[in-house]
$ cat entry25.cif   # mmCIF, C-alpha atoms
data_run
loop_
_atom_site.label_atom_id
_atom_site.label_comp_id
_atom_site.auth_asym_id
_atom_site.auth_seq_id
_atom_site.Cartn_x
_atom_site.Cartn_y
_atom_site.Cartn_z
CA MET Z 159 0.00 0.00 0.00
CA ASN Z 160 1.46 3.35 -0.99
CA GLN Z 161 2.01 5.99 1.65
CA TYR Z 162 0.51 8.64 -0.63
CA CYS Z 163 -0.74 9.14 -4.12
CA ASN Z 164 -0.16 12.09 -6.43
CA PRO Z 165 -1.99 13.91 -7.84
CA CYS Z 166 -5.28 14.30 -5.98
CA SER Z 167 -8.53 13.29 -7.66
CA PRO Z 168 -9.98 15.92 -10.03
CA LEU Z 169 -12.97 16.38 -7.72
CA MET Z 170 -10.75 17.12 -4.69
CA VAL Z 171 -8.50 19.45 -6.67
CA HIS Z 172 -11.57 21.36 -7.82
CA ALA Z 173 -12.77 21.66 -4.20
CA LEU Z 174 -9.38 22.93 -3.07
CA GLU Z 175 -9.12 25.42 -5.91
CA GLN Z 176 -12.28 27.11 -4.69
CA GLU Z 177 -9.92 28.87 -2.28
CA ASP Z 178 -6.52 30.33 -3.07
CA PHE Z 179 -4.90 27.91 -0.60
CA PHE Z 180 -3.78 25.35 -3.19
CA THR Z 181 -1.15 26.84 -5.50
CA GLY Z 182 1.32 24.01 -6.10
CA ARG Z 183 1.71 20.25 -6.08
CA CYS Z 184 -1.00 18.30 -4.23
CA ILE Z 185 -0.33 15.01 -2.42
CA LEU Z 186 -3.12 12.92 -0.94
CA VAL Z 187 -1.68 11.03 2.02
CA ASN Z 188 -3.07 7.58 2.70
CA GLY Z 189 -2.70 7.96 6.49
CA PRO Z 190 -1.59 10.67 8.94
CA VAL Z 191 0.83 13.52 8.35
CA ILE Z 192 3.28 13.99 11.24
CA ILE Z 193 4.86 17.42 11.64
CA GLY Z 194 8.33 17.12 13.17
CA ALA Z 195 11.09 14.51 12.85
CA GLY Z 196 12.39 14.80 16.40
CA PRO Z 197 12.04 12.09 19.07
CA SER Z 198 8.26 12.66 19.32
CA GLY Z 199 7.63 12.34 15.61
CA LEU Z 200 9.90 9.29 15.33
CA ALA Z 201 8.10 7.60 18.24
CA VAL Z 202 4.70 8.11 16.57
CA GLY Z 203 6.12 6.79 13.29
CA ALA Z 204 7.45 3.66 14.99
CA GLY Z 205 4.06 3.05 16.62
CA LEU Z 206 2.24 3.43 13.32
CA LYS Z 207 4.67 0.99 11.71
CA GLN Z 208 3.72 -1.51 14.41
CA GLN Z 209 0.06 -0.97 13.48
CA GLY Z 210 0.67 -1.23 9.74
CA VAL Z 211 -0.50 2.34 9.11
CA PRO Z 212 1.24 4.37 6.34
CA PHE Z 213 2.26 7.95 7.16
CA VAL Z 214 4.35 10.91 6.06
CA ILE Z 215 6.72 12.84 8.38
CA LEU Z 216 7.58 16.43 7.44
CA ASP Z 217 10.44 18.48 8.88
CA ARG Z 218 11.86 21.90 8.02
CA ALA Z 219 15.44 20.81 8.82
CA ASN Z 220 17.74 18.53 6.82
CA CYS Z 221 18.00 15.76 9.42
CA ILE Z 222 16.16 13.98 12.20
CA ALA Z 223 16.29 15.52 15.69
CA SER Z 224 17.66 18.81 14.36
CA LEU Z 225 17.48 20.45 17.81
CA TRP Z 226 19.89 17.82 19.13
CA GLN Z 227 22.11 17.74 16.07
CA ASN Z 228 22.34 21.45 15.26
CA LYS Z 229 21.37 23.44 18.35
CA THR Z 230 23.09 21.87 21.35
CA TYR Z 231 26.57 22.30 22.81
CA ASP Z 232 29.23 19.62 22.52
CA ARG Z 233 29.46 18.65 26.22
CA LEU Z 234 25.73 18.05 26.60
CA LYS Z 235 24.54 14.84 28.24
CA LEU Z 236 21.04 13.66 28.98
CA HIS Z 237 19.92 15.13 32.29
CA LEU Z 238 17.96 12.01 33.25
CA PRO Z 239 19.00 8.34 33.40
CA ARG Z 240 18.70 6.57 30.07
CA GLN Z 241 15.69 4.44 31.10
CA PHE Z 242 13.61 7.62 31.26
CA CYS Z 243 14.73 8.74 27.79
CA GLU Z 244 14.14 5.62 25.70
CA LEU Z 245 11.61 5.74 22.89
CA PRO Z 246 8.96 3.01 22.56
CA TYR Z 247 9.81 -0.48 21.29
CA PHE Z 248 13.59 0.08 21.19
CA PRO Z 249 15.90 0.28 24.24
CA PHE Z 250 19.28 1.97 24.42
CA PRO Z 251 22.32 -0.24 23.72
CA GLU Z 252 23.48 -1.98 26.89
CA ASN Z 253 26.96 -0.43 26.63
CA PHE Z 254 25.58 3.13 26.88
CA PRO Z 255 26.32 4.95 30.15
CA GLU Z 256 23.67 5.98 32.68
CA TYR Z 257 23.62 9.49 31.19
CA PRO Z 258 24.30 9.19 27.43
CA THR Z 259 26.12 11.97 25.63
CA LYS Z 260 24.55 14.13 22.95
CA TYR Z 261 26.30 12.11 20.25
CA GLN Z 262 25.24 8.78 21.72
CA PHE Z 263 21.64 9.95 21.85
CA ILE Z 264 21.77 11.12 18.22
CA SER Z 265 23.24 7.75 17.24
CA TYR Z 266 20.39 6.04 19.08
CA LEU Z 267 17.79 8.14 17.24
CA GLU Z 268 19.40 7.38 13.87
CA SER Z 269 19.34 3.66 14.69
CA TYR Z 270 15.70 4.05 15.75
CA ALA Z 271 14.72 5.60 12.42
CA LYS Z 272 16.62 2.90 10.52
CA LYS Z 273 15.08 0.04 12.52
CA PHE Z 274 11.52 1.19 11.84
CA GLU Z 275 12.29 2.33 8.27
CA ILE Z 276 11.24 5.92 8.96
CA ASN Z 277 12.16 8.27 6.12
CA PRO Z 278 11.00 11.84 6.78
CA ARG Z 279 10.62 14.40 4.02
CA PHE Z 280 13.23 17.01 4.98
CA ASN Z 281 13.60 20.70 4.10
CA GLU Z 282 9.83 21.22 4.03
CA SER Z 283 8.68 24.00 6.31
CA VAL Z 284 5.00 23.98 7.22
CA HIS Z 285 3.44 27.31 6.26
CA THR Z 286 -0.14 26.55 7.27
CA ALA Z 287 -2.22 23.59 8.40
CA LYS Z 288 -5.99 23.76 8.69
CA TYR Z 289 -9.00 21.50 8.70
CA ASP Z 290 -11.28 21.74 5.68
CA GLU Z 291 -14.81 21.01 6.88
CA THR Z 292 -16.08 20.79 3.28
CA CYS Z 293 -14.10 17.65 2.51
CA GLY Z 294 -13.42 16.57 6.11
CA LEU Z 295 -9.65 16.51 5.67
CA TRP Z 296 -6.56 18.37 6.88
CA ARG Z 297 -4.67 20.51 4.39
CA VAL Z 298 -1.00 21.08 5.15
CA LYS Z 299 0.85 23.60 3.01
CA THR Z 300 4.66 23.41 2.98
CA VAL Z 301 7.38 25.50 1.38
CA SER Z 302 10.68 23.87 0.49
CA LYS Z 303 14.08 25.56 0.50
CA ASN Z 304 13.93 26.05 -3.26
CA GLY Z 305 10.60 27.83 -2.89
CA SER Z 306 8.35 25.08 -4.26
CA ILE Z 307 4.95 24.73 -2.60
CA THR Z 308 3.32 21.41 -1.74
CA GLU Z 309 -0.04 20.72 -0.17
CA TYR Z 310 -0.57 17.48 1.73
CA ILE Z 311 -4.15 16.31 2.17
CA CYS Z 312 -4.75 13.90 5.05
CA ARG Z 313 -7.34 12.65 7.49
CA TRP Z 314 -5.12 12.77 10.58
CA LEU Z 315 -2.65 15.45 11.62
CA VAL Z 316 -0.05 14.77 14.33
CA VAL Z 317 1.69 17.86 15.73
CA ALA Z 318 5.10 16.70 16.99
CA THR Z 319 7.14 19.90 16.79
CA GLY Z 320 7.48 19.96 20.57
CA GLU Z 321 8.01 22.57 23.26
CA ASN Z 322 11.38 23.83 21.99
CA ALA Z 323 10.77 24.68 18.34
CA GLU Z 324 11.92 28.31 18.46
CA LYS Z 325 14.51 30.14 20.53
CA VAL Z 326 13.35 32.91 22.85
CA VAL Z 327 15.33 36.15 22.46
CA PRO Z 328 14.26 38.87 24.94
CA GLU Z 329 14.64 42.53 24.08
CA PHE Z 330 17.22 44.46 26.09
CA GLU Z 331 17.92 48.16 25.84
CA GLY Z 332 21.16 48.82 24.01
CA LEU Z 333 21.87 45.20 23.05
CA GLN Z 334 22.27 46.19 19.39
CA ASP Z 335 24.92 48.70 20.44
CA PHE Z 336 26.90 46.12 22.40
CA GLY Z 337 28.67 44.56 19.45
CA GLU Z 338 28.72 41.43 17.32
CA HIS Z 339 29.51 38.88 20.02
CA VAL Z 340 25.93 38.00 20.99
CA MET Z 341 24.43 34.56 20.46
CA HIS Z 342 21.66 32.33 21.74
CA ALA Z 343 22.64 29.17 23.62
CA CYS Z 344 21.29 27.11 20.69
CA ASP Z 345 24.24 28.37 18.63
CA TYR Z 346 26.85 27.74 21.36
CA LYS Z 347 29.03 24.67 20.80
CA THR Z 348 32.12 24.98 23.00
CA GLY Z 349 33.97 27.45 25.18
CA GLU Z 350 37.26 27.02 23.31
CA THR Z 351 37.00 30.39 21.58
CA TYR Z 352 36.19 32.19 24.84
CA GLU Z 353 39.45 31.50 26.70
CA GLY Z 354 40.41 34.55 28.75
CA LYS Z 355 37.15 36.35 27.90
CA ASN Z 356 34.52 37.87 30.19
CA VAL Z 357 31.22 36.32 29.14
CA LEU Z 358 27.73 37.27 30.30
CA VAL Z 359 25.37 34.28 30.37
CA VAL Z 360 21.75 35.44 30.51
CA GLY Z 361 19.64 32.77 32.21
CA CYS Z 362 20.10 30.39 35.12
CA GLY Z 363 18.28 27.25 33.98
CA ASN Z 364 19.99 24.00 33.04
CA SER Z 365 21.37 25.54 29.83
CA GLY Z 366 22.68 28.66 31.58
CA MET Z 367 24.33 26.61 34.31
CA GLU Z 368 25.96 24.15 31.92
CA VAL Z 369 27.16 26.81 29.46
CA SER Z 370 28.70 28.69 32.39
CA LEU Z 371 30.37 25.50 33.61
CA ASP Z 372 31.70 24.75 30.12
CA LEU Z 373 33.12 28.29 29.89
CA CYS Z 374 34.95 27.71 33.18
CA HIS Z 375 36.46 24.51 31.82
CA HIS Z 376 37.90 26.56 28.96
CA ASN Z 377 39.37 29.24 31.24
CA ALA Z 378 36.78 31.91 30.49
CA SER Z 379 35.19 34.13 33.16
CA PRO Z 380 31.39 33.75 33.07
CA SER Z 381 28.91 35.97 34.88
CA MET Z 382 25.42 34.45 35.07
CA VAL Z 383 22.30 36.61 35.22
CA VAL Z 384 19.87 35.35 37.88
CA ARG Z 385 16.76 37.48 37.56
CA SER Z 386 14.19 35.10 39.07
CA SER Z 387 14.09 32.24 41.56
CA VAL Z 388 15.36 28.79 40.64
CA HIS Z 389 15.39 25.30 42.15
CA VAL Z 390 18.79 23.61 42.13
CA LEU Z 391 18.82 19.91 43.01
CA PRO Z 392 21.66 17.37 43.05
CA ARG Z 393 21.54 15.14 39.99
CA GLU Z 394 21.85 12.12 42.30
CA ILE Z 395 21.02 11.42 45.95
CA LEU Z 396 22.95 8.57 47.58
CA GLY Z 397 23.91 7.22 44.17
CA LYS Z 398 20.34 7.26 42.85
CA SER Z 399 18.90 9.64 40.26
CA THR Z 400 17.01 12.46 42.00
CA PHE Z 401 14.36 12.29 39.27
CA GLU Z 402 13.99 8.54 39.71
CA LEU Z 403 13.61 8.92 43.47
CA GLY Z 404 10.97 11.60 42.97
CA VAL Z 405 9.00 9.43 40.55
CA SER Z 406 9.18 6.45 42.92
CA MET Z 407 8.07 8.45 45.96
CA MET Z 408 5.11 9.96 44.12
CA LYS Z 409 3.63 6.47 43.80
CA TRP Z 410 3.12 6.47 47.57
CA LEU Z 411 3.24 10.09 48.73
CA PRO Z 412 1.53 13.35 47.70
CA ILE Z 413 3.62 15.64 45.51
CA GLU Z 414 3.88 18.27 48.27
CA MET Z 415 5.51 15.74 50.60
CA VAL Z 416 7.89 14.55 47.88
CA ASP Z 417 8.94 18.14 47.21
CA LYS Z 418 9.70 18.68 50.90
CA ILE Z 419 11.84 15.54 51.03
CA LEU Z 420 13.78 16.57 47.91
CA LEU Z 421 14.38 20.08 49.25
CA VAL Z 422 15.64 18.73 52.60
CA ALA Z 423 18.02 16.40 50.72
CA ALA Z 424 19.15 19.29 48.51
CA ARG Z 425 19.86 21.46 51.55
CA LEU Z 426 21.93 18.69 53.15
CA LEU Z 427 23.92 17.93 50.00
CA LEU Z 428 24.22 21.38 48.41
CA GLY Z 429 23.96 23.66 51.42
CA ASN Z 430 22.18 27.01 51.49
CA ILE Z 431 22.30 28.17 47.87
CA GLU Z 432 20.52 31.46 48.63
CA LYS Z 433 23.69 32.96 50.11
CA TYR Z 434 25.22 32.70 46.63
CA GLY Z 435 22.37 34.68 45.05
CA LEU Z 436 20.20 31.71 44.04
CA LYS Z 437 16.76 32.22 45.56
CA ARG Z 438 14.43 29.22 45.66
CA PRO Z 439 10.79 29.55 44.50
CA CYS Z 440 7.99 29.29 47.06
CA ILE Z 441 6.49 26.34 45.16
CA GLY Z 442 8.29 22.98 45.31
CA PRO Z 443 10.31 21.76 42.29
CA LEU Z 444 7.92 19.04 41.13
CA GLN Z 445 4.82 21.17 41.64
CA LEU Z 446 6.46 24.02 39.73
CA LYS Z 447 7.32 21.67 36.88
CA ASN Z 448 3.73 20.41 36.70
CA THR Z 449 2.03 23.80 36.92
CA GLU Z 450 4.39 26.09 35.00
CA GLY Z 451 6.66 23.70 33.12
CA LYS Z 452 9.74 25.18 34.80
CA THR Z 453 12.37 22.47 35.09
CA PRO Z 454 14.59 22.40 38.19
CA VAL Z 455 18.33 22.60 37.61
CA LEU Z 456 20.08 19.27 38.13
CA ASP Z 457 23.56 20.26 39.26
CA ILE Z 458 26.53 18.62 37.54
CA GLY Z 459 29.23 20.89 38.93
CA ALA Z 460 28.18 24.49 38.30
CA LEU Z 461 27.30 25.09 41.95
CA GLN Z 462 30.87 24.34 43.04
CA LYS Z 463 32.12 26.94 40.53
CA ILE Z 464 29.59 29.43 41.91
CA ARG Z 465 30.85 28.82 45.46
CA SER Z 466 34.46 29.33 44.38
CA GLY Z 467 33.60 32.51 42.50
CA ASP Z 468 34.59 31.12 39.09
CA ILE Z 469 30.99 31.70 38.05
CA LYS Z 470 29.82 35.11 39.23
CA ILE Z 471 26.12 35.63 39.98
CA VAL Z 472 24.75 38.99 38.80
CA PRO Z 473 21.24 40.54 39.02
CA GLY Z 474 18.83 41.50 36.26
CA ILE Z 475 19.95 43.60 33.30
CA LYS Z 476 19.06 47.28 32.99
CA LYS Z 477 20.77 48.05 29.68
CA PHE Z 478 23.73 47.33 27.44
CA SER Z 479 26.26 49.68 25.88
CA GLN Z 480 29.34 49.06 23.78
CA GLY Z 481 31.36 46.38 25.59
CA LYS Z 482 29.44 46.89 28.85
CA VAL Z 483 26.30 45.91 30.72
CA GLU Z 484 24.55 47.79 33.51
CA PHE Z 485 22.51 45.84 36.05
CA VAL Z 486 19.37 46.89 37.94
CA ASN Z 487 21.47 47.53 41.07
CA GLY Z 488 23.58 50.11 39.20
CA GLU Z 489 26.66 47.89 38.87
CA ILE Z 490 28.47 48.11 35.52
CA LEU Z 491 30.46 45.18 34.14
CA GLU Z 492 32.82 45.12 31.17
CA ILE Z 493 32.19 42.03 29.04
CA ASP Z 494 33.44 40.59 25.76
CA SER Z 495 30.49 38.38 24.77
CA VAL Z 496 26.85 37.64 25.59
CA ILE Z 497 25.23 34.20 25.50
CA LEU Z 498 21.44 34.16 25.81
CA ALA Z 499 20.39 31.01 27.67
CA THR Z 500 16.83 32.28 27.58
CA GLY Z 501 15.03 29.13 26.52
CA TYR Z 502 12.68 28.05 23.78
CA CYS Z 503 8.99 28.11 22.93
CA SER Z 504 6.43 26.32 20.77
CA ASN Z 505 5.82 27.65 17.26
CA VAL Z 506 2.48 25.89 16.70
CA PRO Z 507 0.32 29.07 16.73
CA SER Z 508 2.32 30.49 13.81
CA TRP Z 509 1.16 27.77 11.38
CA LEU Z 510 -1.72 25.72 12.82
CA LYS Z 511 -5.00 27.45 12.00
CA GLU Z 512 -6.96 26.10 14.95
CA ASN Z 513 -7.97 27.71 18.23
CA GLU Z 514 -9.79 25.05 20.27
CA PHE Z 515 -7.14 22.46 21.11
CA PHE Z 516 -3.97 24.57 21.37
CA SER Z 517 -3.49 27.67 23.52
CA ARG Z 518 -1.92 30.92 22.35
CA GLU Z 519 1.36 29.70 23.84
CA GLY Z 520 1.28 26.65 21.57
CA PHE Z 521 0.43 23.97 24.15
CA PRO Z 522 -2.65 21.74 24.38
CA LYS Z 523 -5.23 23.38 26.63
CA SER Z 524 -5.95 20.08 28.39
CA PRO Z 525 -3.08 19.16 30.75
CA PHE Z 526 -1.26 15.83 30.81
CA PRO Z 527 -2.39 13.08 30.44
CA ASN Z 528 -5.33 14.37 28.37
CA GLY Z 529 -3.58 16.69 25.94
CA TRP Z 530 -2.80 14.18 23.19
CA LYS Z 531 -6.05 14.13 21.20
CA GLY Z 532 -8.19 16.91 19.76
CA LYS Z 533 -11.11 16.96 17.35
CA ALA Z 534 -11.28 16.07 13.66
CA GLY Z 535 -8.22 13.81 13.69
CA LEU Z 536 -5.84 16.28 15.40
CA TYR Z 537 -3.19 14.87 17.75
CA ALA Z 538 -0.26 16.29 19.75
CA VAL Z 539 2.93 14.62 20.98
CA GLY Z 540 5.82 16.20 22.89
CA PHE Z 541 3.95 18.92 24.78
CA THR Z 542 3.58 17.27 28.18
CA ARG Z 543 6.39 19.23 29.92
CA LYS Z 544 7.54 15.79 31.11
CA GLY Z 545 10.42 15.23 28.75
CA LEU Z 546 10.98 12.19 26.58
CA SER Z 547 9.07 9.83 28.88
CA GLY Z 548 5.92 11.95 28.55
CA ALA Z 549 6.35 12.17 24.78
CA SER Z 550 6.71 8.39 24.53
CA LEU Z 551 3.50 7.79 26.46
CA ASP Z 552 1.57 10.15 24.18
CA ALA Z 553 3.16 8.65 21.05
CA ILE Z 554 1.92 5.21 22.02
CA LYS Z 555 -1.62 6.53 22.62
CA VAL Z 556 -1.70 8.41 19.32
CA SER Z 557 -0.40 5.53 17.18
CA GLN Z 558 -2.74 3.03 18.82
CA ASP Z 559 -5.74 5.33 18.43
CA ILE Z 560 -5.09 5.94 14.74
CA GLY Z 561 -4.25 2.26 14.23
CA LYS Z 562 -7.55 1.17 15.77
CA ILE Z 563 -9.57 3.43 13.47
CA TRP Z 564 -7.46 2.40 10.48
CA LYS Z 565 -7.97 -1.33 11.07
CA GLU Z 566 -11.71 -0.94 11.62
CA GLU Z 567 -12.08 0.93 8.34
CA ILE Z 568 -9.95 -1.59 6.46
CA LYS Z 569 -12.11 -4.39 7.90
CA GLN Z 570 -15.33 -2.63 6.87
CA LYS Z 571 -13.94 -1.99 3.40
CA ASN Z 572 -12.95 -5.64 2.97
CA GLN Z 573 -16.40 -6.76 4.14
CA SER Z 574 -18.06 -4.42 1.64
CA VAL Z 575 -15.88 -5.76 -1.18
CA ALA Z 576 -16.69 -9.35 -0.16
CA VAL Z 577 -20.45 -8.65 -0.12
CA ALA Z 578 -20.30 -6.94 -3.52
CA SER Z 579 -18.31 -9.84 -4.95
CA HIS Z 580 -20.79 -12.35 -3.51
CA ARG Z 581 -23.72 -10.49 -5.09
CA ARG Z 582 -22.03 -10.40 -8.50
CA SER Z 583 -21.40 -14.13 -8.35
CA LYS Z 584 -25.16 -14.73 -8.06
CA LEU Z 585 -26.07 -12.73 -11.16
CA PRO Z 586 -27.50 -14.94 -13.99
CA PHE Z 587 -25.06 -13.53 -16.60
#
$ encode --input "entry25.cif" --output "structure tokens"
Amino acid sequence: MNQYCNPCSPLMVHALEQEDFFTGRCILVNGPVIIGAGPSGLAVGAGLKQQGVPFVILDRANCIASLWQNKTYDRLKLHLPRQFCELPYFPFPENFPEYPTKYQFISYLESYAKKFEINPRFNESVHTAKYDETCGLWRVKTVSKNGSITEYICRWLVVATGENAEKVVPEFEGLQDFGEHVMHACDYKTGETYEGKNVLVVGCGNSGMEVSLDLCHHNASPSMVVRSSVHVLPREILGKSTFELGVSMMKWLPIEMVDKILLVAARLLLGNIEKYGLKRPCIGPLQLKNTEGKTPVLDIGALQKIRSGDIKIVPGIKKFSQGKVEFVNGEILEIDSVILATGYCSNVPSWLKENEFFSREGFPKSPFPNGWKGKAGLYAVGFTRKGLSGASLDAIKVSQDIGKIWKEEIKQKNQSVAVASHRRSKLPF
């Protein structure tokens, strides 16, 4: 069975041409279209393969998992133990460490795509996707790098672009006057070129902490902007993953109690971090993650550099000038470069023409575990704020749901064909 046929039927082309939406090649997909070839999209594809359902995966980049391949720094490792980062139906190799490196994870994803024979269509950026009530199908318009326009027509649409599709770049007064040495953390690879430089790292999440630590390892002098409160937890407690302990305790204890236990353990192991300028939020780390999606920092050595003064903590930014930054407390610091570890956001609202299932921020309005299925064949994977484990759970639900409908329709179609054949066999000619 072909994954798609081209061109569309004359009747469907005529219906589409009633609007100015269709202006290029039209492809009728015999199954769902999945937007995004990252871990979420690959996991859905693998599940559909298990169900025997054809599909098409579209991605604007030139490779799978482009965020991991093109927008992460060299020293990056998975923050959580590997068992919490596996995709469905395919475990990590046994020789992988507890916390695989960036390159090991990319290798795993490439092996995953090869195993399940997943071949995304790369360099196709989704311009718009909307549901056509007239024909009861989704219409996905893409633009390739050479400017050609394609419209995919499908019954099911799976949004798998995830929480981190676009970098967030705040506006700061005078930043344009600072100079050329400003970049987002997604473009940072290594601190080798920063040796001996004074670098301002804007942001104190996991990326800000790890970029600052990497700069220290390359003999740079980072100053990290801490504008808001942040939870810092040890990556491990008594040799066990802090995340794993939290998950285990929540099976038996309320989340508020688990948060208190983790904070007591953090105080014993890390000390009072507030005296270094790191103020903890009033809400516990797990509650904050669930309600606001703010991930606690899992310390891998940055805190020790903060204690020693190798990483300097500075307050919020007032304005920049050439080669300098002024903070809200009036302090002025001479710096050579700026790295914006200011996070990422969803880009779904920019292309999905739908306002019931997704919020303005680009997340399903229904919280986990109910945010995976919308109306009219719309699905979402990778928006749970629970990392790869949450994405895997949703991918399994989505693929099984589509597979169930697919098999029922195939069964009905076969029964109809059998009945028609039986009737023809009884005709007297």
$ closest_residue --input "entry25.cif" --among "Z:Cys374, Z:Asp457, Z:Ile471, Z:Thr300" --to "Lys433 of chain Z" --atoms "all atoms listed in the file"
Z:Ile471
$ closest_residue --input "entry25.cif" --among "Z:Glu321, Z:Asp290, Z:Asp335, Z:Glu414" --to "Ala538 of chain Z" --atoms "only C-alpha atoms"
Z:Glu321
$ resolve_selection --input "entry25.cif" --expression "the PyMOL selection byres ((chain Z and resi 280-283) around 6)" --output "PDB file with C-alpha atoms, keeping the file's coordinate frame"
ATOM      1  CA  ASP Z 217      10.440  18.480   8.880  1.00  0.00           C
ATOM      2  CA  ARG Z 218      11.860  21.900   8.020  1.00  0.00           C
ATOM      3  CA  ALA Z 219      15.440  20.810   8.820  1.00  0.00           C
ATOM      4  CA  ASN Z 220      17.740  18.530   6.820  1.00  0.00           C
ATOM      5  CA  PRO Z 278      11.000  11.840   6.780  1.00  0.00           C
ATOM      6  CA  ARG Z 279      10.620  14.400   4.020  1.00  0.00           C
ATOM      7  CA  VAL Z 284       5.000  23.980   7.220  1.00  0.00           C
ATOM      8  CA  THR Z 300       4.660  23.410   2.980  1.00  0.00           C
ATOM      9  CA  VAL Z 301       7.380  25.500   1.380  1.00  0.00           C
ATOM     10  CA  SER Z 302      10.680  23.870   0.490  1.00  0.00           C
TER      11      SER Z 302
END
$ residues_around --input "entry25.cif" --residues "Asp559 of chain Z" --least-positions-apart "4" --cutoff "12 Å" --atoms "only C-alpha atoms" --output "list in words"
Pro190, Val202, Gly205, Leu206, Gln209, Val211, Trp314, Val316, Trp530, Lys531, Gly532, Gly535, Leu536, Tyr537, Asp552, Ala553, Ile554, Lys555, Ile563, Trp564, Lys565 and Glu566 of chain Z
$ resolve_selection --input "entry25.cif" --expression "the PyMOL selection byres ((chain Z and resi 416) around 12)" --output "PyMOL selection string"
chain Z and resi 400-415+417-423+442-445
$ write_last_selection --input "entry25.cif" --atoms "C-alpha atoms" --output "mmCIF file, in the coordinates of the input"
data_model
loop_
_atom_site.group_PDB
_atom_site.id
_atom_site.type_symbol
_atom_site.label_atom_id
_atom_site.label_comp_id
_atom_site.auth_asym_id
_atom_site.auth_seq_id
_atom_site.Cartn_x
_atom_site.Cartn_y
_atom_site.Cartn_z
ATOM 1 C CA THR Z 400 17.010 12.460 42.000
ATOM 2 C CA PHE Z 401 14.360 12.290 39.270
ATOM 3 C CA GLU Z 402 13.990 8.540 39.710
ATOM 4 C CA LEU Z 403 13.610 8.920 43.470
ATOM 5 C CA GLY Z 404 10.970 11.600 42.970
ATOM 6 C CA VAL Z 405 9.000 9.430 40.550
ATOM 7 C CA SER Z 406 9.180 6.450 42.920
ATOM 8 C CA MET Z 407 8.070 8.450 45.960
ATOM 9 C CA MET Z 408 5.110 9.960 44.120
ATOM 10 C CA LYS Z 409 3.630 6.470 43.800
ATOM 11 C CA TRP Z 410 3.120 6.470 47.570
ATOM 12 C CA LEU Z 411 3.240 10.090 48.730
ATOM 13 C CA PRO Z 412 1.530 13.350 47.700
ATOM 14 C CA ILE Z 413 3.620 15.640 45.510
ATOM 15 C CA GLU Z 414 3.880 18.270 48.270
ATOM 16 C CA MET Z 415 5.510 15.740 50.600
ATOM 17 C CA ASP Z 417 8.940 18.140 47.210
ATOM 18 C CA LYS Z 418 9.700 18.680 50.900
ATOM 19 C CA ILE Z 419 11.840 15.540 51.030
ATOM 20 C CA LEU Z 420 13.780 16.570 47.910
ATOM 21 C CA LEU Z 421 14.380 20.080 49.250
ATOM 22 C CA VAL Z 422 15.640 18.730 52.600
ATOM 23 C CA ALA Z 423 18.020 16.400 50.720
ATOM 24 C CA GLY Z 442 8.290 22.980 45.310
ATOM 25 C CA PRO Z 443 10.310 21.760 42.290
ATOM 26 C CA LEU Z 444 7.920 19.040 41.130
ATOM 27 C CA GLN Z 445 4.820 21.170 41.640
#
$ atom_distance --input "entry25.cif" --atom1 "atom CA of Leu436 of chain Z" --atom2 "atom CA of Val390 of chain Z"
8.4 Å
$ resolve_selection --input "entry25.cif" --expression "the PyMOL selection byres ((chain Z and resi 312) around 9)" --output "NGL selection string"
:Z and (185-191 or 295-298 or 310-311 or 313-315)
